[in-house]
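K.L.:
Contents of start_19.txt (compact mmCIF, C-alpha atoms and all ligand atoms) are below:
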```
# COMPACT_ATOMS: atom_id res chain seq x y z
CA MET A 1 105.41 60.75 111.52
CA SER A 2 108.40 61.17 113.83
CA GLY A 3 108.48 64.02 116.31
CA ARG A 4 110.73 66.07 113.99
CA GLU A 5 109.58 69.48 112.83
CA PRO A 6 108.51 69.24 109.19
CA ALA A 7 110.70 71.26 106.82
CA PRO A 8 109.08 74.59 105.98
CA MET A 9 107.07 74.36 102.74
CA ASN A 10 109.30 76.79 100.91
CA ALA A 11 112.69 75.40 101.87
CA VAL A 12 114.99 74.67 98.93
CA THR A 13 117.97 72.43 99.62
CA PRO A 14 121.15 72.76 97.49
CA ALA A 15 120.27 69.44 95.83
CA ASP A 16 116.82 70.80 94.93
CA ALA A 17 118.36 73.94 93.50
CA GLU A 18 120.69 71.91 91.28
CA LEU A 19 117.84 69.78 90.05
CA THR A 20 115.79 72.85 89.30
CA ALA A 21 118.65 74.45 87.37
CA ALA A 22 119.11 71.32 85.28
CA GLU A 23 115.41 71.10 84.63
CA ARG A 24 115.31 74.76 83.65
CA ASP A 25 118.11 74.22 81.11
CA ARG A 26 116.21 71.30 79.67
CA ILE A 27 113.04 73.41 79.32
CA LEU A 28 114.95 76.22 77.62
CA ALA A 29 116.70 73.79 75.25
CA LYS A 30 113.36 72.28 74.29
CA ALA A 31 111.86 75.72 73.71
CA ALA A 32 114.69 76.43 71.25
CA LEU A 33 113.54 73.49 69.09
CA PHE A 34 110.31 75.37 68.50
CA SER A 35 111.89 78.73 67.70
CA PRO A 36 110.03 81.24 65.55
CA PRO A 37 111.30 82.04 62.04
CA PRO A 38 113.64 85.03 61.50
CA VAL A 39 112.10 88.49 61.65
CA THR A 40 112.77 89.49 58.07
CA THR A 41 110.37 90.27 55.24
CA ALA A 42 110.45 88.51 51.89
CA ASP A 43 112.58 91.37 50.50
CA GLY A 44 115.11 90.98 53.30
CA ARG A 45 114.17 93.92 55.53
CA ARG A 46 114.35 93.37 59.24
CA ASP A 47 111.43 94.01 61.57
CA LEU A 48 112.42 96.44 64.30
CA VAL A 49 109.54 95.45 66.53
CA GLY A 50 110.61 92.95 69.17
CA LEU A 51 114.26 94.01 69.36
CA SER A 52 115.49 94.93 72.82
CA ARG A 53 116.82 98.44 73.31
CA GLU A 54 120.39 97.11 73.15
CA GLU A 55 119.70 95.28 69.90
CA LEU A 56 118.19 98.40 68.40
CA VAL A 57 121.30 100.37 69.34
CA GLN A 58 123.42 97.71 67.62
CA GLU A 59 121.33 97.75 64.44
CA LEU A 60 121.78 101.49 64.20
CA ALA A 61 125.47 101.34 65.06
CA ALA A 62 125.88 99.05 62.05
CA LEU A 63 124.58 101.96 59.96
CA GLY A 64 127.01 104.33 61.66
CA GLU A 65 124.27 105.94 63.75
CA LYS A 66 124.64 107.03 67.38
CA PRO A 67 122.67 105.49 70.30
CA PHE A 68 120.35 108.50 70.59
CA ARG A 69 118.83 107.46 67.26
CA ALA A 70 117.74 104.21 68.87
CA LYS A 71 116.06 106.22 71.61
CA GLN A 72 114.22 108.29 68.99
CA LEU A 73 113.13 105.22 67.09
CA TRP A 74 111.98 103.48 70.27
CA HIS A 75 109.79 106.48 71.02
CA TRP A 76 108.27 106.46 67.55
CA ILE A 77 107.66 102.72 67.56
CA TYR A 78 106.36 102.16 71.07
CA HIS A 79 105.15 105.52 72.27
CA GLN A 80 103.70 106.94 69.07
CA GLY A 81 102.81 103.60 67.48
CA VAL A 82 104.11 104.75 64.09
CA THR A 83 104.69 102.09 61.43
CA ASP A 84 105.85 104.43 58.63
CA PHE A 85 109.36 105.90 58.79
CA ASP A 86 108.13 108.96 56.91
CA ARG A 87 106.06 110.01 59.88
CA MET A 88 109.13 110.23 62.13
CA SER A 89 109.45 114.00 62.04
CA SER A 90 112.45 114.18 64.38
CA ILE A 91 114.54 112.18 61.90
CA ALA A 92 115.83 113.83 58.71
CA ALA A 93 114.49 112.60 55.38
CA PRO A 94 117.70 110.99 54.08
CA LEU A 95 118.07 108.84 57.18
CA ARG A 96 114.38 107.95 57.09
CA ALA A 97 114.89 106.68 53.56
CA ARG A 98 117.94 104.63 54.58
CA LEU A 99 115.99 103.12 57.46
CA ALA A 100 113.07 102.23 55.21
CA GLU A 101 115.44 100.43 52.83
CA ARG A 102 116.65 98.13 55.57
CA PHE A 103 113.88 97.88 58.09
CA VAL A 104 110.16 97.60 58.62
CA ILE A 105 107.96 98.26 61.65
CA ALA A 106 105.42 95.52 61.26
CA ARG A 107 102.26 94.20 62.81
CA PRO A 108 100.79 90.75 62.57
CA GLU A 109 98.11 90.72 59.90
CA ALA A 110 94.57 90.54 61.31
CA ALA A 111 93.10 87.70 59.24
CA THR A 112 89.72 88.09 60.95
CA VAL A 113 88.29 90.32 63.65
CA GLN A 114 85.05 89.41 65.41
CA THR A 115 83.24 91.44 68.03
CA SER A 116 80.96 89.67 70.49
CA ARG A 117 77.55 90.89 71.64
CA ASP A 118 79.22 91.81 74.95
CA GLY A 119 81.93 93.89 73.28
CA THR A 120 84.70 91.30 73.52
CA ARG A 121 86.81 91.41 70.37
CA LYS A 122 88.71 88.43 69.03
CA PHE A 123 91.51 88.78 66.52
CA LEU A 124 92.93 85.99 64.45
CA PHE A 125 96.48 87.12 63.73
CA ARG A 126 98.53 85.67 60.90
CA PHE A 127 102.31 85.82 60.91
CA ARG A 128 104.79 85.83 58.02
CA ASP A 129 104.98 82.04 57.88
CA ALA A 130 101.16 81.89 57.79
CA GLN A 131 100.91 80.47 61.33
CA GLN A 132 98.04 81.94 63.30
CA VAL A 133 97.03 82.66 66.87
CA GLU A 134 94.11 84.32 68.58
CA THR A 135 94.17 87.40 70.78
CA VAL A 136 91.19 88.71 72.72
CA TYR A 137 90.32 92.17 74.03
CA ILE A 138 87.90 92.06 76.95
CA PRO A 139 86.48 95.49 77.78
CA ASP A 140 85.38 96.25 81.32
CA PRO A 141 81.59 96.38 81.18
CA GLU A 142 81.41 99.38 83.51
CA GLU A 143 84.48 101.46 82.81
CA ASP A 144 86.65 102.58 79.95
CA ARG A 145 89.37 100.02 80.44
CA GLY A 146 89.98 96.41 79.57
CA ALA A 147 92.34 93.46 79.32
CA VAL A 148 94.17 92.12 76.30
CA CYS A 149 94.63 88.37 76.45
CA ILE A 150 97.69 87.42 74.43
CA SER A 151 99.02 84.12 73.14
CA THR A 152 102.60 82.88 73.44
CA GLN A 153 102.57 79.69 71.37
CA VAL A 154 100.83 78.30 68.31
CA GLY A 155 99.14 75.35 69.99
CA CYS A 156 100.38 73.89 73.28
CA THR A 157 102.42 70.85 74.30
CA LEU A 158 100.29 70.31 77.36
CA SER A 159 96.91 68.77 76.94
CA CYS A 160 94.70 69.88 79.77
CA ARG A 161 91.46 67.97 79.33
CA PHE A 162 89.13 70.97 79.50
CA CYS A 163 91.10 73.25 77.13
CA HIS A 164 90.48 73.68 73.42
CA THR A 165 94.05 74.88 72.75
CA GLY A 166 95.24 71.66 74.38
CA THR A 167 93.77 69.69 71.48
CA GLN A 168 96.09 71.50 69.08
CA LYS A 169 99.65 70.21 68.99
CA LEU A 170 102.43 72.71 69.58
CA VAL A 171 103.39 74.12 66.20
CA ARG A 172 105.95 76.63 67.37
CA ASN A 173 106.77 79.31 69.87
CA LEU A 174 105.98 82.92 69.12
CA GLY A 175 108.84 85.40 68.89
CA ALA A 176 109.03 88.56 70.98
CA ALA A 177 107.88 90.60 67.97
CA GLU A 178 104.81 88.40 67.58
CA ILE A 179 103.93 88.59 71.26
CA VAL A 180 104.27 92.35 71.64
CA GLY A 181 102.82 92.73 68.12
CA GLN A 182 99.50 91.24 69.24
CA PHE A 183 99.11 93.98 71.83
CA MET A 184 100.21 96.72 69.42
CA ALA A 185 97.82 95.53 66.72
CA ALA A 186 94.98 95.43 69.25
CA ARG A 187 95.86 99.01 70.18
CA ASP A 188 95.76 99.94 66.48
CA SER A 189 92.27 98.53 66.30
CA TYR A 190 91.10 100.96 69.00
CA GLY A 191 93.35 103.81 67.84
CA GLU A 192 95.01 104.00 71.25
CA TRP A 193 98.22 105.80 70.26
CA PRO A 194 100.28 107.54 71.48
CA SER A 195 100.69 105.39 74.59
CA PRO A 196 98.86 107.13 77.47
CA LYS A 197 101.40 108.38 80.02
CA ASP A 198 101.60 107.53 83.72
CA ASP A 199 98.23 106.83 85.27
CA LYS A 200 96.14 108.31 82.45
CA PRO A 201 93.18 106.05 81.69
CA ARG A 202 93.72 103.46 79.00
CA LEU A 203 91.18 101.46 77.09
CA LEU A 204 93.68 98.61 76.79
CA SER A 205 94.81 98.86 80.39
CA THR A 206 96.04 95.41 81.35
CA ILE A 207 97.64 92.40 79.73
CA VAL A 208 96.84 88.86 80.68
CA VAL A 209 99.19 86.25 79.27
CA MET A 210 96.41 83.68 79.16
CA GLY A 211 95.82 83.03 75.49
CA MET A 212 97.07 80.06 73.52
CA GLY A 213 100.08 78.24 74.88
CA GLU A 214 102.11 77.89 78.04
CA PRO A 215 104.16 81.09 78.50
CA LEU A 216 106.73 79.46 80.79
CA TYR A 217 107.54 76.96 78.01
CA ASN A 218 108.42 79.97 75.85
CA TYR A 219 110.02 81.99 78.56
CA GLU A 220 112.77 83.89 76.70
CA ASN A 221 110.51 85.31 74.02
CA THR A 222 107.73 86.08 76.47
CA ALA A 223 110.12 87.82 78.85
CA LYS A 224 111.62 89.89 76.04
CA ALA A 225 108.19 90.98 74.86
CA LEU A 226 107.04 91.88 78.36
CA ARG A 227 110.19 93.93 78.99
CA ILE A 228 109.35 95.95 75.89
CA VAL A 229 105.77 96.43 77.07
CA MET A 230 106.95 97.58 80.52
CA ASP A 231 109.58 100.04 79.23
CA GLY A 232 108.58 103.46 80.55
CA GLU A 233 109.62 105.31 77.37
CA GLY A 234 107.34 103.25 75.20
CA ILE A 235 104.14 101.39 75.93
CA GLY A 236 104.84 101.81 79.64
CA LEU A 237 102.42 99.29 81.15
CA SER A 238 103.73 98.53 84.63
CA ARG A 239 104.36 95.00 85.87
CA ARG A 240 101.37 95.42 88.16
CA ARG A 241 99.13 95.58 85.11
CA ILE A 242 100.44 92.35 83.66
CA THR A 243 99.40 88.87 84.78
CA LEU A 244 101.09 85.75 83.51
CA SER A 245 99.20 82.50 83.80
CA THR A 246 100.94 79.16 84.06
CA SER A 247 99.69 75.63 84.34
CA GLY A 248 102.54 75.11 86.80
CA VAL A 249 105.98 74.99 85.18
CA VAL A 250 107.65 75.07 88.58
CA PRO A 251 111.33 75.50 87.57
CA MET A 252 110.53 78.63 85.56
CA MET A 253 108.29 80.30 88.14
CA ASP A 254 111.16 81.61 90.27
CA ARG A 255 112.84 83.16 87.26
CA CYS A 256 109.65 84.79 86.15
CA GLY A 257 109.20 86.35 89.57
CA GLU A 258 112.79 87.52 89.93
CA GLU A 259 113.28 88.86 86.43
CA LEU A 260 109.86 90.19 85.49
CA GLY A 261 107.98 90.60 88.75
CA VAL A 262 104.63 90.45 86.98
CA ASN A 263 101.51 89.14 88.72
CA LEU A 264 101.25 85.39 88.72
CA ALA A 265 98.18 83.31 88.03
CA VAL A 266 98.33 79.56 88.53
CA SER A 267 95.91 77.17 86.88
CA LEU A 268 95.19 74.84 89.78
CA HIS A 269 91.78 73.33 88.97
CA ALA A 270 92.04 70.38 91.36
CA VAL A 271 92.97 69.78 95.00
CA THR A 272 94.27 66.21 94.76
CA ASP A 273 97.18 64.97 92.67
CA GLU A 274 95.01 62.13 91.47
CA LEU A 275 92.50 64.42 89.78
CA ARG A 276 95.02 67.05 88.73
CA ASN A 277 97.18 64.36 87.08
CA GLU A 278 94.20 63.61 84.90
CA ILE A 279 92.95 67.08 84.00
CA VAL A 280 96.27 69.00 84.04
CA PRO A 281 98.75 66.29 82.99
CA LEU A 282 101.75 68.53 83.80
CA ASN A 283 100.91 67.73 87.42
CA ARG A 284 102.60 64.35 86.98
CA LYS A 285 105.86 66.23 86.64
CA TYR A 286 105.22 69.02 89.14
CA PRO A 287 102.69 67.88 91.73
CA ILE A 288 100.53 70.17 93.83
CA ALA A 289 102.89 70.37 96.85
CA GLU A 290 105.81 71.49 94.64
CA LEU A 291 103.62 73.93 92.81
CA LEU A 292 102.36 75.55 96.00
CA ALA A 293 105.90 75.69 97.41
CA ALA A 294 106.94 77.63 94.30
CA CYS A 295 103.99 79.97 94.85
CA ARG A 296 105.10 80.56 98.42
CA ARG A 297 108.54 81.51 97.14
CA TYR A 298 107.22 83.75 94.37
CA PRO A 299 108.92 87.12 94.82
CA GLY A 300 106.62 89.97 95.63
CA ALA A 301 103.73 87.75 96.68
CA SER A 302 102.09 89.66 99.52
CA ASN A 303 98.65 90.65 100.64
CA ALA A 304 98.83 93.63 98.32
CA ARG A 305 99.95 91.39 95.44
CA ARG A 306 98.22 88.11 95.82
CA ILE A 307 98.71 85.11 93.61
CA THR A 308 95.65 84.27 91.61
CA PHE A 309 94.58 80.65 91.48
CA GLU A 310 92.41 79.73 88.56
CA TYR A 311 89.85 77.03 89.13
CA VAL A 312 87.66 75.92 86.26
CA MET A 313 84.32 74.69 87.57
CA LEU A 314 83.59 71.24 86.13
CA ARG A 315 80.26 69.76 87.10
CA GLY A 316 80.59 66.71 89.34
CA ILE A 317 84.37 66.60 88.76
CA ASN A 318 86.06 69.17 91.00
CA ASP A 319 83.24 71.30 92.42
CA SER A 320 82.19 69.70 95.72
CA GLU A 321 82.11 71.52 99.02
CA ALA A 322 84.67 69.06 100.41
CA GLU A 323 87.03 70.13 97.61
CA ALA A 324 86.46 73.80 98.45
CA ARG A 325 87.43 73.07 102.06
CA GLU A 326 90.53 71.19 100.92
CA LEU A 327 91.45 74.16 98.76
CA VAL A 328 91.26 76.43 101.81
CA ARG A 329 93.57 74.04 103.63
CA LEU A 330 96.08 73.94 100.76
CA LEU A 331 96.20 77.72 100.41
CA HIS A 332 96.70 78.29 104.12
CA GLY A 333 99.10 81.18 104.70
CA LEU A 334 99.43 82.08 101.01
CA PRO A 335 98.39 85.56 99.90
CA ALA A 336 95.93 84.29 97.34
CA LYS A 337 92.73 84.91 95.53
CA VAL A 338 90.79 82.32 93.58
CA ASN A 339 89.10 82.95 90.26
CA LEU A 340 86.26 80.53 89.75
CA ILE A 341 85.89 80.13 86.00
CA PRO A 342 82.72 78.53 84.68
CA PHE A 343 83.84 75.87 82.22
CA ASN A 344 83.53 77.20 78.68
CA PRO A 345 82.47 74.46 76.30
CA TRP A 346 83.95 73.96 72.82
CA PRO A 347 83.04 71.54 70.04
CA GLY A 348 83.51 68.02 71.39
CA SER A 349 84.50 69.08 74.92
CA PRO A 350 84.04 66.35 77.54
CA TYR A 351 82.70 68.39 80.49
CA GLN A 352 79.79 70.48 81.65
CA THR A 353 80.05 73.60 83.72
CA SER A 354 79.00 73.48 87.36
CA THR A 355 75.60 74.83 88.25
CA TYR A 356 75.50 78.40 89.47
CA GLU A 357 74.27 77.20 92.89
CA GLN A 358 77.18 74.80 93.29
CA THR A 359 79.67 77.45 92.20
CA ALA A 360 78.17 79.89 94.71
CA LYS A 361 78.46 77.30 97.51
CA PHE A 362 82.08 76.67 96.56
CA ALA A 363 82.77 80.41 96.53
CA ALA A 364 81.09 80.91 99.91
CA ILE A 365 83.45 78.44 101.60
CA LEU A 366 86.47 80.24 100.17
CA ASN A 367 85.07 83.64 101.06
CA GLU A 368 84.38 82.61 104.62
CA ALA A 369 87.99 81.52 104.95
CA GLY A 370 89.07 84.99 103.83
CA TYR A 371 89.90 84.29 100.17
CA SER A 372 88.35 86.57 97.64
CA SER A 373 86.86 84.23 95.04
CA PRO A 374 85.00 86.01 92.28
CA ILE A 375 82.93 83.92 89.91
CA ARG A 376 84.15 84.99 86.50
CA ARG A 377 81.47 85.98 84.05
CA PRO A 378 82.19 84.25 80.75
CA ARG A 379 82.94 86.80 78.03
CA GLY A 380 82.77 86.43 74.29
CA ARG A 381 81.39 82.89 74.35
CA ASP A 382 79.32 83.56 71.23
CA ILE A 383 82.52 83.99 69.20
CA LEU A 384 84.51 81.25 71.03
CA ALA A 385 86.68 83.91 72.64
CA ALA A 386 86.24 82.87 76.28
CA CYS A 387 88.96 81.23 78.42
CA GLY A 388 90.07 77.93 76.98
CA GLN A 389 88.14 78.25 73.72
CA LEU A 390 90.98 79.50 71.55
CA LYS A 391 92.30 77.30 68.79
CA THR A 392 93.54 77.86 65.24
CA GLU A 393 93.87 75.66 62.20
CA SER A 394 97.65 75.97 62.17
CA GLU A 395 99.48 72.68 62.02
CA ARG A 396 103.12 71.79 62.22
CA GLU A 397 104.50 71.30 58.76
CA ARG A 398 104.87 67.60 58.11
CA LYS A 399 108.01 66.36 56.46
CA ALA A 400 107.15 65.29 52.93
CA ALA A 401 106.37 61.60 52.99
CA GLY A 402 108.64 59.09 51.22
N1 LIG B 501 98.72 77.83 79.55
C1 LIG B 501 98.44 78.77 80.55
C2 LIG B 501 97.74 80.01 80.05
C3 LIG B 501 96.64 79.83 79.04
S1 LIG B 501 95.14 79.08 79.57
C4 LIG B 501 97.65 78.13 81.66
O1 LIG B 501 97.20 77.00 81.49
O2 LIG B 501 97.53 78.75 82.71
C5 LIG B 501 94.31 80.38 80.48
C6 LIG B 501 93.31 79.86 81.52
O3 LIG B 501 92.12 79.35 80.90
C7 LIG B 501 93.86 78.73 82.37
O4 LIG B 501 93.56 78.90 83.71
C8 LIG B 501 93.12 77.56 81.80
O5 LIG B 501 93.13 76.51 82.70
C9 LIG B 501 91.76 78.15 81.54
N2 LIG B 501 90.92 77.32 80.69
C10 LIG B 501 91.33 76.45 79.74
N3 LIG B 501 90.26 75.86 79.15
C11 LIG B 501 89.16 76.38 79.72
C12 LIG B 501 87.76 76.18 79.49
N4 LIG B 501 87.31 75.38 78.56
N5 LIG B 501 86.91 76.89 80.26
C13 LIG B 501 87.36 77.76 81.20
N6 LIG B 501 88.67 77.98 81.42
C14 LIG B 501 89.58 77.31 80.71
FE1 LIG B 502 98.01 74.59 77.38
FE2 LIG B 502 97.04 76.25 79.31
FE3 LIG B 502 95.39 74.98 77.62
FE4 LIG B 502 96.68 73.59 79.48
S1 LIG B 502 95.12 75.20 79.83
S2 LIG B 502 96.44 73.00 77.32
S3 LIG B 502 98.62 74.67 79.53
S4 LIG B 502 96.90 76.52 77.06
```
What's the structure tokens form of this structure?

P.N.:
Amino acid sequence: MSGREPAPMNAVTPADAELTAAERDRILAKAALFSPPPVTTADGRRDLVGLSREELVQELAALGEKPFRAKQLWHWIYHQGVTDFDRMSSIAAPLRARLAERFVIARPEAATVQTSRDGTRKFLFRFRDAQQVETVYIPDPEEDRGAVCISTQVGCTLSCRFCHTGTQKLVRNLGAAEIVGQFMAARDSYGEWPSPKDDKPRLLSTIVVMGMGEPLYNYENTAKALRIVMDGEGIGLSRRRITLSTSGVVPMMDRCGEELGVNLAVSLHAVTDELRNEIVPLNRKYPIAELLAACRRYPGASNARRITFEYVMLRGINDSEAEARELVRLLHGLPAKVNLIPFNPWPGSPYQTSTYEQTAKFAAILNEAGYSSPIRRPRGRDILAACGQLKTESERERKAAG
């Protein structure tokens, strides 16, 4: 090394910025190839769920209705959770009938619902084109609140070695209606309507975007859905109650922070590029140093709003004390916490979870260095609802042979 000061970790040169912009365009163009089907029913009615406020105003303007109607409808759809136009008492009957002729307020169909011994509930949701994803509600064992883990893609293009979803090819992206619809249908299942206001307790109190798929490879639809969820006149869950998990799609992380400001979780899982290249193959594109630099830039990251690093504990693979110390070194100066996730097995999975003792040793090193590092209790394992166990039978339609 020369005597020069190293560039600060978070410095972005103009050339970097251009590269990132080009890469971002490429990611968005690729996402468009996996677009969801149109949001219309077989009889041609349009689903109002998933439209932005502006789009809703436009739909109503096309019927000659004023913008305040959109506000009323928004309230019925997202605050009251109504799916039947006839229950919209602030709207006169003739208009209700006209709306019902043209529109629906739909939910994904729950093909199966299973509840685990520990209260975790897994939904298999089926969409209009018969594609399916899983959504999980994880109640807090001590209090009346809980997290809804939602999916953003059918399958995943990435193939992290420890993840069941990663064995399922990407079929398609979910649309905004399908993403917000998972949360709304989960709320239906617990009867949590109207949306509790302000800080009133909620049973479905947080959203973790940690189900099937890589949300930053379906950014536009995910962002649209989360904006609907955060809208204060509807579901009204604040950005602080939403955590988006990424395997490290660096060029999209800045946008996510600037535009949505939700909490960020990063699936790190290894402290050397050599190992991470193998278990999280996206690392070959965006190696650890770039990923951590993007974390350092993440808007709003502070001690009050730390970035969560997820670290799946794989026995004899990534769980040594030396690796824990290296992790401390890598995270230096970052407002971070580390979730240690015991590996959840699935049929045919190639790893074993670390022993409890080894996980505790790993956690102790992080704790001593000042990083909170809870060991996550696996939930819903008996119904394959735990982290990384989700997978559906959906396949991409093959072109007819010959
Ligand atoms: N694609 C995103 C979000 C979905 S995965 C991402 O990778 O972050 C949600 C979390 O579950 C990730 O941290 C993922 O690494 C973890 N995970 C995947 N398979 C797992 C398994 N078998 N056991 C425990 N955690 C797993
Ligand atoms: Fe995809 Fe996340 Fe699973 Fe990796 S861990 S295969 S990114 S869903």

K.L.:
Please report, as a Markdown table, each residue of chain A lying at most 7 Å from ligand LIG 502 (chain B), together with the nearest pair of atoms and the separation in Å rounded to one decimal; use all atoms listed in the file, and order rows by chain and ascending residue number.

P.N.:
```
| residue | atom | partner | partner_atom | distance |
| --- | --- | --- | --- | --- |
| A:Cys156 | CA | B:LIG502 | FE1 | 4.8 |
| A:Thr157 | CA | B:LIG502 | FE1 | 6.6 |
| A:Leu158 | CA | B:LIG502 | S2 | 4.7 |
| A:Ser159 | CA | B:LIG502 | S2 | 4.3 |
| A:Cys160 | CA | B:LIG502 | FE4 | 4.2 |
| A:Cys163 | CA | B:LIG502 | FE3 | 4.7 |
| A:His164 | CA | B:LIG502 | FE3 | 6.6 |
| A:Thr165 | CA | B:LIG502 | FE3 | 5.1 |
| A:Gly166 | CA | B:LIG502 | S2 | 3.4 |
| A:Gly211 | CA | B:LIG502 | S4 | 6.8 |
| A:Met212 | CA | B:LIG502 | S4 | 5.0 |
| A:Gly213 | CA | B:LIG502 | S4 | 4.2 |
| A:Glu214 | CA | B:LIG502 | S3 | 5.0 |
| A:Thr246 | CA | B:LIG502 | S3 | 6.8 |
| A:Ser247 | CA | B:LIG502 | S3 | 5.0 |
| A:Val280 | CA | B:LIG502 | FE4 | 6.5 |
| A:Gly388 | CA | B:LIG502 | FE3 | 6.1 |
```

K.L.:
For a test of reading the model, state the distance in Å between atom CA of A:Ala70 and atom CA of A:Gln153, rounded to one decimal.

P.N.:
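Distance between the two atoms: 28.9 Å.
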
K.L.:
From the options A:Tyr286, A:Phe343, A:Phe68, A:Tyr311, which residue's atoms come nearest to ligand LIG 501 (chain B), counting all atoms listed in the file?

P.N.:
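Distance minimum relative to ligand LIG 501 (chain B) lands on A:Phe343.
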
K.L.:
Tell me, as number ranges by chain, which residues lie within 6 Å of stretch 171-175 of chain A, counting all atoms listed in the file; anything in the same chain fewer than 3 positions away does not count.

P.N.:
A: 34-36, 152-155, 178, 221, 395-396

K.L.:
Can you tell me how far atom CA of A:Tyr78 sits from atom CA of A:Thr308, in Å to one decimal?

P.N.:
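Answer for the atom CA of A:Tyr78 to atom CA of A:Thr308 separation: 29.3 Å.
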
K.L.:
Taking 6 positions as the minimum chain separation for residues in the same chain, which residues sit within 9 Å of stretch 333-337 of chain A when counting only C-alpha atoms? Answer as a ChimeraX atom specification.

P.N.:
/A:292,295-296,301-310,371-374

K.L.:
Within 10 Å of A:Lys224, counting all atoms listed in the file, which residues show up once you throw out same-chain ones fewer than 5 positions away? Write them as a list in words, please.

P.N.:
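Counting all atoms listed in the file, the residues come to Gly50, Leu51, Ser52, Gly175, Ala176, Ala177, Ile179, Val180, Tyr219, Val229 and Leu260 of chain A.
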
K.L.:
Which one is closest to ligand LIG 501 (chain B): A:Glu357, A:Glu134, A:Glu101, A:Glu18? Count only C-alpha atoms and all ligand atoms.

P.N.:
A:Glu134

K.L.:
So that I can check the surroundings of stretch 269-273 of chain A, please list as a ChimeraX atom specification every protein, DNA and RNA residue that reaches within 10 Å of it, counting all atoms listed in the file and ignoring chain neighbours fewer than 5 positions away.

P.N.:
/A:247,278-281,283-284,286-289,309-314,317-319,322-330,340-341

K.L.:
Would you mind telling me which residue in A:Asn218, A:Leu384, A:Asp140, A:Ala97 lies nearest to A:Arg202 when using all atoms listed in the file?

P.N.:
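Smallest separation from A:Arg202 among the options: A:Asp140.
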
K.L.:
Report, in Å with one decimal, the straight-line distance from atom C3 of ligand LIG 501 (chain B) to atom CA of A:Ser151.

P.N.:
7.7 Å

K.L.:
If you count only C-alpha atoms, which residues fall within 6 Å of stretch 105-121 of chain A, apart from same-chain ones fewer than 3 positions away, as a count of residues only?

P.N.:
13

K.L.:
Taking all atoms listed in the file into account, which of A:Ala130, A:Leu73, A:Ala17, A:Met210 comes nearest ligand LIG 501 (chain B)?

P.N.:
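Answer, going by the shortest atom-to-atom distance: A:Met210.
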
K.L.:
Which of these, A:Ile383, A:Leu99, A:Leu203, A:Met252, has the shortest distance to A:Ala223 once you count all atoms listed in the file?

P.N.:
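Of A:Ile383, A:Leu99, A:Leu203, A:Met252, the one nearest A:Ala223, counting all atoms listed in the file, is A:Met252.
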